[in-house]
>>> print(open('target_30.txt').read())   # compact mmCIF, C-alpha atoms
# COMPACT_ATOMS: atom_id res chain seq x y z
CA MET A 1125 -78.90 28.58 -54.87
CA SER A 1126 -79.06 32.11 -56.21
CA ASN A 1127 -75.88 34.12 -56.31
CA GLN A 1128 -76.15 37.27 -54.31
CA ALA A 1129 -74.11 40.23 -55.44
CA LEU A 1130 -71.43 41.22 -53.01
CA PRO A 1131 -71.54 44.76 -51.75
CA ARG A 1132 -69.24 47.07 -53.72
CA PRO A 1133 -66.52 48.56 -51.55
CA ARG A 1134 -66.61 52.26 -51.23
CA PHE A 1135 -63.46 54.32 -51.84
CA SER A 1136 -63.13 57.85 -50.81
CA ALA A 1137 -62.23 60.08 -53.71
CA PRO A 1138 -59.13 62.23 -53.32
CA ASP A 1139 -59.66 65.70 -52.24
CA PRO A 1140 -59.35 67.93 -55.32
CA GLU A 1141 -58.52 70.88 -53.19
CA PRO A 1142 -54.83 71.30 -52.21
CA ARG A 1143 -54.13 70.89 -48.57
CA VAL A 1144 -52.51 73.58 -46.62
CA PRO A 1145 -49.35 72.75 -44.65
CA GLU A 1146 -51.23 73.06 -41.37
CA GLN A 1147 -53.57 70.16 -42.31
CA ARG A 1148 -50.70 67.68 -43.06
CA SER A 1149 -50.88 64.58 -40.89
CA PRO A 1150 -48.01 63.84 -38.50
CA GLU A 1151 -47.09 60.68 -40.47
CA GLN A 1152 -46.40 62.66 -43.65
CA GLY A 1153 -44.20 65.23 -42.02
CA PRO A 1154 -40.90 63.26 -41.73
CA LYS A 1155 -41.29 61.79 -45.24
CA ALA A 1156 -41.76 65.20 -46.79
CA ALA A 1157 -38.82 66.56 -44.88
CA LEU A 1158 -36.68 63.58 -45.95
CA LYS A 1159 -37.59 64.14 -49.59
CA ILE A 1160 -36.58 67.75 -49.38
CA GLU A 1161 -33.26 66.84 -47.80
CA THR A 1162 -32.34 64.27 -50.51
CA THR A 1163 -33.01 66.69 -53.33
CA ALA A 1164 -30.70 69.32 -51.88
CA PRO A 1165 -27.60 70.10 -54.03
CA LEU A 1166 -24.39 68.31 -53.09
CA LEU A 1167 -22.17 71.34 -53.59
CA GLN A 1168 -23.11 74.38 -51.63
CA GLY A 1169 -21.96 77.80 -52.60
CA ARG A 1170 -19.58 78.81 -55.40
CA VAL A 1171 -17.17 76.17 -56.82
CA SER A 1172 -13.56 77.32 -57.01
CA GLU A 1173 -11.66 76.77 -60.29
CA VAL A 1174 -8.24 76.96 -58.66
CA PRO A 1175 -7.83 73.20 -57.87
CA ASP A 1176 -8.82 72.27 -61.43
CA ALA A 1177 -6.33 74.74 -62.89
CA LEU A 1178 -3.57 73.49 -60.58
CA PHE A 1179 -4.28 69.89 -61.55
CA GLY A 1180 -4.14 70.74 -65.25
CA TRP A 1181 -0.82 72.56 -64.96
CA ALA A 1182 0.63 69.71 -62.85
CA MET A 1183 -0.25 67.17 -65.55
CA ARG A 1184 1.23 69.40 -68.26
CA LEU A 1185 4.38 69.73 -66.19
CA CYS A 1186 4.68 65.95 -65.91
CA GLY A 1187 4.29 65.58 -69.66
CA PHE A 1188 6.85 68.24 -70.54
CA ALA A 1189 9.28 66.97 -67.89
CA VAL A 1190 9.94 63.79 -69.89
CA VAL A 1191 10.68 65.77 -73.05
CA ALA A 1192 12.88 68.19 -71.12
CA LEU A 1193 14.79 65.30 -69.55
CA LEU A 1194 15.44 63.79 -72.97
CA GLY A 1195 16.63 67.13 -74.26
CA LEU A 1196 18.98 67.60 -71.31
CA ILE A 1197 20.53 64.18 -71.92
CA VAL A 1198 21.17 64.97 -75.58
CA TYR A 1199 22.54 68.41 -74.72
CA GLN A 1200 24.96 67.04 -72.13
CA LEU A 1201 26.21 64.32 -74.49
CA VAL A 1202 26.74 66.82 -77.32
CA VAL A 1203 28.58 69.28 -75.09
CA GLY A 1204 30.72 66.55 -73.52
CA SER A 1205 31.76 65.10 -76.90
CA GLN A 1206 32.78 68.37 -78.58
CA LEU A 1207 36.47 67.93 -77.78
CA SER A 1208 36.62 64.51 -79.40
CA TRP A 1209 34.53 65.68 -82.35
CA HIS A 1210 36.87 68.58 -83.08
CA ALA A 1211 39.93 66.33 -82.72
CA PHE A 1212 38.84 63.43 -84.93
CA GLY A 1213 35.64 64.41 -86.75
CA TRP A 1214 33.94 61.65 -88.73
CA LYS A 1215 37.18 59.65 -88.69
CA PHE A 1216 36.40 58.73 -85.10
CA PHE A 1217 33.84 56.17 -86.31
CA GLY A 1218 36.19 54.70 -88.94
CA GLN A 1219 39.42 54.29 -86.96
CA SER A 1220 40.38 51.09 -85.16
CA ASP A 1221 43.04 52.45 -82.81
CA TRP A 1222 42.11 52.75 -79.16
CA ASN A 1223 45.19 53.87 -77.24
CA PRO A 1224 44.54 56.14 -74.25
CA VAL A 1225 48.28 56.51 -73.64
CA GLU A 1226 48.84 58.26 -76.97
CA ASP A 1227 45.36 59.82 -77.14
CA GLN A 1228 44.43 57.87 -80.25
CA TYR A 1229 40.79 56.85 -80.27
CA GLY A 1230 38.58 55.08 -82.79
CA ALA A 1231 35.13 53.62 -82.27
CA LEU A 1232 35.13 51.06 -85.09
CA PRO A 1233 35.93 47.98 -82.92
CA PHE A 1234 33.11 48.85 -80.54
CA ILE A 1235 30.65 49.43 -83.37
CA PHE A 1236 31.69 46.12 -84.92
CA GLY A 1237 31.27 44.20 -81.66
CA THR A 1238 27.89 45.78 -80.96
CA LEU A 1239 26.49 45.08 -84.42
CA VAL A 1240 27.82 41.52 -84.72
CA SER A 1241 26.63 40.42 -81.27
CA SER A 1242 23.21 42.04 -81.81
CA LEU A 1243 22.75 40.43 -85.24
CA LEU A 1244 23.72 37.05 -83.82
CA ALA A 1245 21.15 37.56 -81.08
CA LEU A 1246 18.46 38.30 -83.67
CA LEU A 1247 19.34 35.24 -85.75
CA ILE A 1248 18.90 33.04 -82.69
CA ALA A 1249 16.01 34.78 -80.96
CA VAL A 1250 13.64 35.65 -83.81
CA PRO A 1251 12.66 32.07 -84.81
CA LEU A 1252 12.22 31.05 -81.18
CA ALA A 1253 10.27 34.15 -80.19
CA VAL A 1254 7.92 34.06 -83.20
CA GLY A 1255 7.40 30.32 -82.72
CA VAL A 1256 6.49 30.83 -79.06
CA ALA A 1257 4.08 33.63 -79.95
CA VAL A 1258 2.38 31.58 -82.69
CA PHE A 1259 2.06 28.56 -80.41
CA ILE A 1260 0.55 30.55 -77.54
CA THR A 1261 -1.84 32.44 -79.80
CA GLU A 1262 -2.97 29.77 -82.26
CA MET A 1263 -2.19 26.28 -80.99
CA CYS A 1264 -1.84 26.28 -77.22
CA PRO A 1265 -4.77 25.07 -75.09
CA VAL A 1266 -6.64 27.90 -73.39
CA GLY A 1267 -5.72 26.69 -69.92
CA LEU A 1268 -1.98 26.86 -70.63
CA ARG A 1269 -1.85 30.21 -72.40
CA GLY A 1270 -1.64 32.23 -69.22
CA VAL A 1271 1.07 30.03 -67.73
CA LEU A 1272 3.25 30.07 -70.85
CA SER A 1273 2.78 33.81 -71.35
CA PHE A 1274 3.78 34.53 -67.75
CA THR A 1275 6.78 32.21 -67.96
CA THR A 1276 8.01 33.83 -71.16
CA GLU A 1277 7.57 37.37 -69.87
CA LEU A 1278 9.29 36.42 -66.62
CA LEU A 1279 12.57 36.25 -68.53
CA ALA A 1280 12.34 40.00 -69.12
CA ALA A 1281 12.14 40.67 -65.38
CA ILE A 1282 15.46 38.98 -64.58
CA PRO A 1283 18.27 41.54 -64.06
CA SER A 1284 21.01 41.53 -66.66
CA VAL A 1285 23.71 40.90 -64.08
CA ILE A 1286 21.98 37.61 -63.21
CA TYR A 1287 22.16 36.63 -66.87
CA GLY A 1288 25.85 37.51 -66.83
CA LEU A 1289 26.55 35.39 -63.77
CA TRP A 1290 24.63 32.48 -65.24
CA ALA A 1291 26.59 32.84 -68.47
CA ILE A 1292 29.94 32.82 -66.62
CA PHE A 1293 29.23 29.71 -64.56
CA VAL A 1294 27.01 27.74 -66.96
CA LEU A 1295 27.08 29.00 -70.54
CA VAL A 1296 30.81 29.71 -70.89
CA PRO A 1297 31.87 26.18 -69.75
CA ILE A 1298 29.31 24.65 -72.12
CA MET A 1299 30.59 26.77 -75.00
CA ARG A 1300 34.23 25.98 -74.20
CA THR A 1301 33.75 22.23 -73.74
CA PHE A 1302 31.05 21.26 -76.20
CA VAL A 1303 29.73 23.93 -78.58
CA GLN A 1304 32.88 25.61 -79.85
CA PRO A 1305 34.81 22.36 -80.55
CA ILE A 1306 31.84 20.94 -82.48
CA LEU A 1307 31.41 24.15 -84.49
CA ALA A 1308 35.14 24.32 -85.22
CA LYS A 1309 35.12 20.72 -86.44
CA THR A 1310 32.03 20.96 -88.63
CA LEU A 1311 31.97 24.59 -89.79
CA GLY A 1312 35.57 25.64 -89.37
CA TRP A 1313 36.02 25.77 -93.15
CA THR A 1314 33.84 28.91 -93.23
CA GLY A 1315 36.38 30.90 -91.23
CA LEU A 1316 33.69 32.02 -88.77
CA PHE A 1317 34.41 29.30 -86.21
CA THR A 1318 38.17 29.13 -85.89
CA GLY A 1319 40.63 29.84 -83.13
CA PRO A 1320 41.06 28.71 -79.53
CA ALA A 1321 37.93 27.83 -77.58
CA TYR A 1322 38.03 30.08 -74.53
CA GLY A 1323 34.29 30.27 -74.03
CA TYR A 1324 34.34 34.06 -73.81
CA SER A 1325 33.60 35.36 -77.29
CA ILE A 1326 31.27 37.37 -79.47
CA LEU A 1327 29.27 34.19 -80.09
CA THR A 1328 28.66 33.73 -76.37
CA ALA A 1329 27.58 37.37 -76.09
CA GLY A 1330 25.14 36.86 -78.96
CA ILE A 1331 23.61 33.80 -77.29
CA ILE A 1332 23.08 35.56 -73.96
CA LEU A 1333 21.57 38.54 -75.78
CA ALA A 1334 19.22 36.20 -77.65
CA ILE A 1335 17.94 34.81 -74.37
CA MET A 1336 17.35 38.32 -73.07
CA ILE A 1337 15.40 39.62 -76.08
CA ILE A 1338 13.20 36.56 -76.63
CA PRO A 1339 10.48 37.75 -74.17
CA ILE A 1340 10.39 41.23 -75.77
CA ILE A 1341 9.94 39.96 -79.33
CA SER A 1342 7.55 37.22 -78.24
CA SER A 1343 5.34 39.54 -76.18
CA ILE A 1344 4.95 42.16 -78.91
CA THR A 1345 4.47 39.52 -81.61
CA ARG A 1346 1.76 37.87 -79.56
CA GLU A 1347 0.02 41.22 -79.12
CA VAL A 1348 0.15 41.84 -82.87
CA LEU A 1349 -1.19 38.36 -83.68
CA THR A 1350 -4.14 38.72 -81.34
CA VAL A 1351 -5.41 41.85 -83.12
CA VAL A 1352 -5.61 40.07 -86.47
CA PRO A 1353 -9.38 39.76 -87.14
CA GLN A 1354 -10.86 36.34 -86.47
CA HIS A 1355 -12.70 36.33 -89.79
CA GLN A 1356 -9.33 36.25 -91.56
CA ARG A 1357 -8.66 32.85 -90.03
CA GLU A 1358 -12.16 31.60 -90.72
CA ALA A 1359 -12.04 32.75 -94.34
CA VAL A 1360 -8.75 30.95 -95.04
CA LEU A 1361 -10.01 27.76 -93.39
CA ALA A 1362 -13.26 27.97 -95.35
CA LEU A 1363 -11.25 27.94 -98.58
CA GLY A 1364 -9.81 24.55 -97.63
CA ALA A 1365 -6.46 25.62 -96.20
CA THR A 1366 -4.69 23.58 -93.58
CA ARG A 1367 -3.86 24.93 -90.15
CA TRP A 1368 -0.32 25.82 -91.17
CA GLU A 1369 -1.55 27.57 -94.31
CA MET A 1370 -4.09 29.47 -92.24
CA ILE A 1371 -1.37 30.69 -89.86
CA ARG A 1372 1.01 31.55 -92.69
CA LEU A 1373 -1.49 33.24 -95.01
CA GLY A 1374 -4.19 34.54 -92.71
CA VAL A 1375 -2.22 35.51 -89.61
CA LEU A 1376 1.49 36.01 -90.23
CA ARG A 1377 1.02 37.82 -93.54
CA ASN A 1378 -1.36 40.35 -91.96
CA ALA A 1379 0.94 40.83 -88.96
CA ARG A 1380 4.30 40.98 -90.74
CA ALA A 1381 4.80 44.73 -90.24
CA GLY A 1382 4.16 44.41 -86.52
CA ILE A 1383 6.48 41.41 -86.26
CA VAL A 1384 9.24 43.36 -87.97
CA GLY A 1385 8.62 46.17 -85.50
CA ALA A 1386 8.95 43.72 -82.61
CA ILE A 1387 12.24 42.47 -84.06
CA ILE A 1388 13.57 46.01 -84.36
CA LEU A 1389 12.51 46.73 -80.78
CA GLY A 1390 14.41 43.64 -79.64
CA LEU A 1391 17.40 44.90 -81.63
CA GLY A 1392 17.23 48.16 -79.70
CA ARG A 1393 17.39 46.23 -76.44
CA ALA A 1394 20.34 44.19 -77.68
CA LEU A 1395 22.25 47.28 -78.79
CA GLY A 1396 22.06 48.89 -75.37
CA GLU A 1397 22.65 45.86 -73.16
CA THR A 1398 25.66 46.35 -70.90
CA MET A 1399 26.33 44.07 -67.95
CA ALA A 1400 25.62 40.64 -69.41
CA VAL A 1401 27.61 41.41 -72.56
CA THR A 1402 30.50 42.89 -70.59
CA MET A 1403 30.85 39.73 -68.55
CA VAL A 1404 31.16 37.32 -71.51
CA ILE A 1405 32.33 39.17 -74.64
CA GLY A 1406 36.02 39.30 -73.69
CA ASN A 1407 36.42 43.12 -73.73
CA ARG A 1408 39.21 43.42 -76.30
CA PRO A 1409 39.00 46.22 -78.93
CA GLU A 1410 39.76 44.20 -82.04
CA ILE A 1411 38.04 43.22 -85.27
CA ALA A 1412 38.25 39.54 -86.15
CA LYS A 1413 36.44 37.34 -88.64
CA SER A 1414 36.01 34.44 -86.24
CA LEU A 1415 33.09 34.45 -83.83
CA PHE A 1416 35.30 32.71 -81.27
CA ALA A 1417 37.43 35.85 -80.92
CA PHE A 1418 37.10 38.41 -78.16
CA GLY A 1419 35.18 41.59 -78.83
CA TYR A 1420 33.99 44.83 -77.33
CA SER A 1421 30.70 46.72 -77.52
CA MET A 1422 29.87 50.38 -77.12
CA ALA A 1423 27.96 49.80 -73.92
CA SER A 1424 30.74 47.61 -72.50
CA VAL A 1425 33.51 50.14 -73.09
CA LEU A 1426 31.46 52.79 -71.33
CA ALA A 1427 30.88 50.55 -68.33
CA ASN A 1428 34.51 49.44 -68.10
CA GLU A 1429 36.53 52.56 -68.87
CA PHE A 1430 34.43 55.58 -67.97
CA SER A 1431 35.55 55.58 -64.35
CA GLU A 1432 39.20 55.19 -65.44
CA ALA A 1433 39.21 58.06 -67.95
CA THR A 1434 41.77 60.62 -66.75
CA GLY A 1435 42.38 62.89 -69.74
CA ASP A 1436 39.81 65.27 -71.18
CA LEU A 1437 40.11 63.82 -74.67
CA TYR A 1438 39.74 60.29 -73.32
CA LEU A 1439 36.57 61.25 -71.47
CA SER A 1440 35.21 63.13 -74.48
CA ALA A 1441 35.78 60.09 -76.74
CA LEU A 1442 33.79 57.90 -74.37
CA ILE A 1443 30.98 60.44 -74.24
CA GLU A 1444 30.89 60.53 -78.05
CA ILE A 1445 30.49 56.75 -78.08
CA GLY A 1446 27.61 57.17 -75.64
CA LEU A 1447 26.03 59.80 -77.89
CA ALA A 1448 26.25 57.50 -80.90
CA LEU A 1449 24.72 54.62 -78.94
CA PHE A 1450 21.96 56.88 -77.61
CA LEU A 1451 20.98 58.18 -81.05
CA VAL A 1452 21.02 54.70 -82.61
CA THR A 1453 18.83 53.31 -79.83
CA ILE A 1454 16.33 56.18 -80.12
CA VAL A 1455 16.03 55.77 -83.89
CA VAL A 1456 15.64 51.99 -83.67
CA ASN A 1457 12.94 52.20 -81.00
CA ALA A 1458 11.06 54.91 -82.91
CA LEU A 1459 11.02 52.80 -86.07
CA ALA A 1460 9.81 49.79 -84.10
CA ARG A 1461 6.96 51.73 -82.50
CA ILE A 1462 5.85 53.09 -85.86
CA MET A 1463 5.80 49.63 -87.43
CA VAL A 1464 3.88 48.10 -84.53
CA TRP A 1465 1.36 50.94 -84.63
CA SER A 1466 0.86 50.41 -88.38
CA VAL A 1467 -0.61 46.99 -87.54
CA THR A 1468 -2.39 47.52 -84.24
CA ARG A 1469 -3.54 51.13 -84.90
CA GLY A 1470 -3.47 51.68 -81.16
CA GLN A 1471 -6.07 48.95 -80.52
CA PRO A 1472 -5.63 46.82 -77.39
CA ALA A 1473 -4.94 43.14 -77.85
CA LYS A 1474 -7.95 40.82 -77.55
CA SER A 1475 -7.69 37.22 -76.55
CA ILE A 1476 -8.76 34.71 -79.17
CA ALA A 1477 -11.12 32.03 -77.97
>>> encode(input="target_30.txt", output="structure tokens")
Amino acid sequence: MSNQALPRPRFSAPDPEPRVPEQRSPEQGPKAALKIETTAPLLQGRVSEVPDALFGWAMRLCGFAVVALLGLIVYQLVVGSQLSWHAFGWKFFGQSDWNPVEDQYGALPFIFGTLVSSLLALLIAVPLAVGVAVFITEMCPVGLRGVLSFTTELLAAIPSVIYGLWAIFVLVPIMRTFVQPILAKTLGWTGLFTGPAYGYSILTAGIILAIMIIPIISSITREVLTVVPQHQREAVLALGATRWEMIRLGVLRNARAGIVGAIILGLGRALGETMAVTMVIGNRPEIAKSLFAFGYSMASVLANEFSEATGDLYLSALIEIGLALFLVTIVVNALARIMVWSVTRGQPAKSIA
């Protein structure tokens, strides 16, 4: 059978001549009109610059308001403490007498109690917090990292008064019945663990502070560890190091400045803690070698005696203690931020697979 060629379909060539609007078919009319409507500008008329200027000035005002508030706090503390400063001068921070009846004031017992309780808190909290951060970052299964991180950070959300109540009803009896007698029996020869076991002491205040600053140190340390480059770990392992050597040499060594910054930031929190320390430290302005003795902190004396201050010099002495505490806290937090930034360089933390 011979194949017959199929007839070639004929196509009409487009009209080279442009069509006038009157010759447009009715079907093309709505489409053309729709196309014209979609290409119309969204903003009609002249755009006003007033809202943009108002928004810019409002944001600048919010930024300067924080600085102004900080300046007002410092100004009020300086003005309120002038009477005490003129009466005692630098001797105010070296005297131990605190007698409102005779208008004799010295801040040394409060400085001693604040520093000792805060240092005890660091000695207890730093190993635990760094260990938790290393475990979550390097050793914990991926499915449990979120749960452990949330549980650790949940400790920071508990109000300090709740910590104080827990310490009164749980921690103080444990310290009085078990911990202090054992420490006095085994380490009493050092002179740091002598005296009656009341439960309320500088040691108890240091323990409750340690519990409160663990989530702060752990959270920042974990953030610093996660920004350590992954190739640092791989390089150390490729050289034949064990897992512990990899963590010690490849991770902790590169993050040591940030870890120190986290520790200093936790110290700033411990220095300014008020309610929990007030409820367990004993609130007695004395300097003793034993950690079982009562103590007083700068934040505690402000919380306890500010409402009872009747004389002008008494009130000015308390305000001067507040000024000293404020300046120390600001300096400590600034140093911590600088040290953390020296490691992270402002980079957000990335999770390690």
>>> residues_around(input="target_30.txt", residues="segment 1184-1199 of chain A", least_positions_apart="6", cutoff="9 Å", atoms="all atoms listed in the file", output="list of chain:residue names")
A:Leu1447, A:Phe1450, A:Leu1451
>>> closest_atom_pairs(input="target_30.txt", of="segment 1345-1443 of chain A", to="segment 1303-1320 of chain A", cutoff="9 Å", atoms="all atoms listed in the file", output="Markdown table")
| residue | atom | partner | partner_atom | distance |
| --- | --- | --- | --- | --- |
| A:Lys1413 | CA | A:Leu1316 | CA | 6.0 |
| A:Ser1414 | CA | A:Leu1316 | CA | 4.2 |
| A:Leu1415 | CA | A:Leu1316 | CA | 5.5 |
| A:Phe1416 | CA | A:Phe1317 | CA | 6.1 |
| A:Ala1417 | CA | A:Gly1319 | CA | 7.2 |
>>> write_last_selection(input="target_30.txt", atoms="C-alpha atoms", output="PDB file, in the coordinates of the input")
ATOM      1  CA  LYS A1413      36.440  37.340 -88.640  1.00  0.00           C
ATOM      2  CA  SER A1414      36.010  34.440 -86.240  1.00  0.00           C
ATOM      3  CA  LEU A1415      33.090  34.450 -83.830  1.00  0.00           C
ATOM      4  CA  PHE A1416      35.300  32.710 -81.270  1.00  0.00           C
ATOM      5  CA  ALA A1417      37.430  35.850 -80.920  1.00  0.00           C
TER       6      ALA A1417
END
>>> residues_around(input="target_30.txt", residues="segment 1423-1429 of chain A", least_positions_apart="6", cutoff="7 Å", atoms="all atoms listed in the file", output="number ranges by chain")
A: 1396-1398, 1401-1402, 1442
>>> write_last_selection(input="target_30.txt", atoms="C-alpha atoms", output="mmCIF file, in the frame of the given file")
data_model
loop_
_atom_site.group_PDB
_atom_site.id
_atom_site.type_symbol
_atom_site.label_atom_id
_atom_site.label_comp_id
_atom_site.auth_asym_id
_atom_site.auth_seq_id
_atom_site.Cartn_x
_atom_site.Cartn_y
_atom_site.Cartn_z
ATOM 1 C CA GLY A 1396 22.060 48.890 -75.370
ATOM 2 C CA GLU A 1397 22.650 45.860 -73.160
ATOM 3 C CA THR A 1398 25.660 46.350 -70.900
ATOM 4 C CA VAL A 1401 27.610 41.410 -72.560
ATOM 5 C CA THR A 1402 30.500 42.890 -70.590
ATOM 6 C CA LEU A 1442 33.790 57.900 -74.370
#
>>> residues_near_point(input="target_30.txt", point="(38.6, 48.7, -80.2)", cutoff="10 Å", atoms="only C-alpha atoms", output="list in words")
Gln1219, Ser1220, Asp1221, Trp1222, Asn1223, Tyr1229, Gly1230, Ala1231, Leu1232, Pro1233, Phe1234, Ile1235, Phe1236, Gly1237, Asn1407, Arg1408, Pro1409, Glu1410, Ile1411, Gly1419, Tyr1420, Ser1421, Met1422 and Val1425 of chain A
>>> closest_residue(input="target_30.txt", among="A:Leu1449, A:Ser1342, A:Val1456, A:Pro1297", to="Ala1321 of chain A", atoms="all atoms listed in the file")
A:Pro1297
>>> atom_distance(input="target_30.txt", atom1="atom CA of Arg1367 of chain A", atom2="atom CA of Gly1267 of chain A")
20.4 Å
>>> residues_around(input="target_30.txt", residues="Leu1373 of chain A", least_positions_apart="6", cutoff="12 Å", atoms="all atoms listed in the file", output="mmCIF file with C-alpha atoms, in the frame of the given file")
data_model
loop_
_atom_site.group_PDB
_atom_site.id
_atom_site.type_symbol
_atom_site.label_atom_id
_atom_site.label_comp_id
_atom_site.auth_asym_id
_atom_site.auth_seq_id
_atom_site.Cartn_x
_atom_site.Cartn_y
_atom_site.Cartn_z
ATOM 1 C CA VAL A 1352 -5.610 40.070 -86.470
ATOM 2 C CA GLN A 1356 -9.330 36.250 -91.560
ATOM 3 C CA ARG A 1357 -8.660 32.850 -90.030
ATOM 4 C CA GLU A 1358 -12.160 31.600 -90.720
ATOM 5 C CA ALA A 1359 -12.040 32.750 -94.340
ATOM 6 C CA VAL A 1360 -8.750 30.950 -95.040
ATOM 7 C CA LEU A 1361 -10.010 27.760 -93.390
ATOM 8 C CA LEU A 1363 -11.250 27.940 -98.580
ATOM 9 C CA ALA A 1365 -6.460 25.620 -96.200
ATOM 10 C CA THR A 1366 -4.690 23.580 -93.580
ATOM 11 C CA ARG A 1367 -3.860 24.930 -90.150
ATOM 12 C CA ALA A 1379 0.940 40.830 -88.960
ATOM 13 C CA ARG A 1380 4.300 40.980 -90.740
#
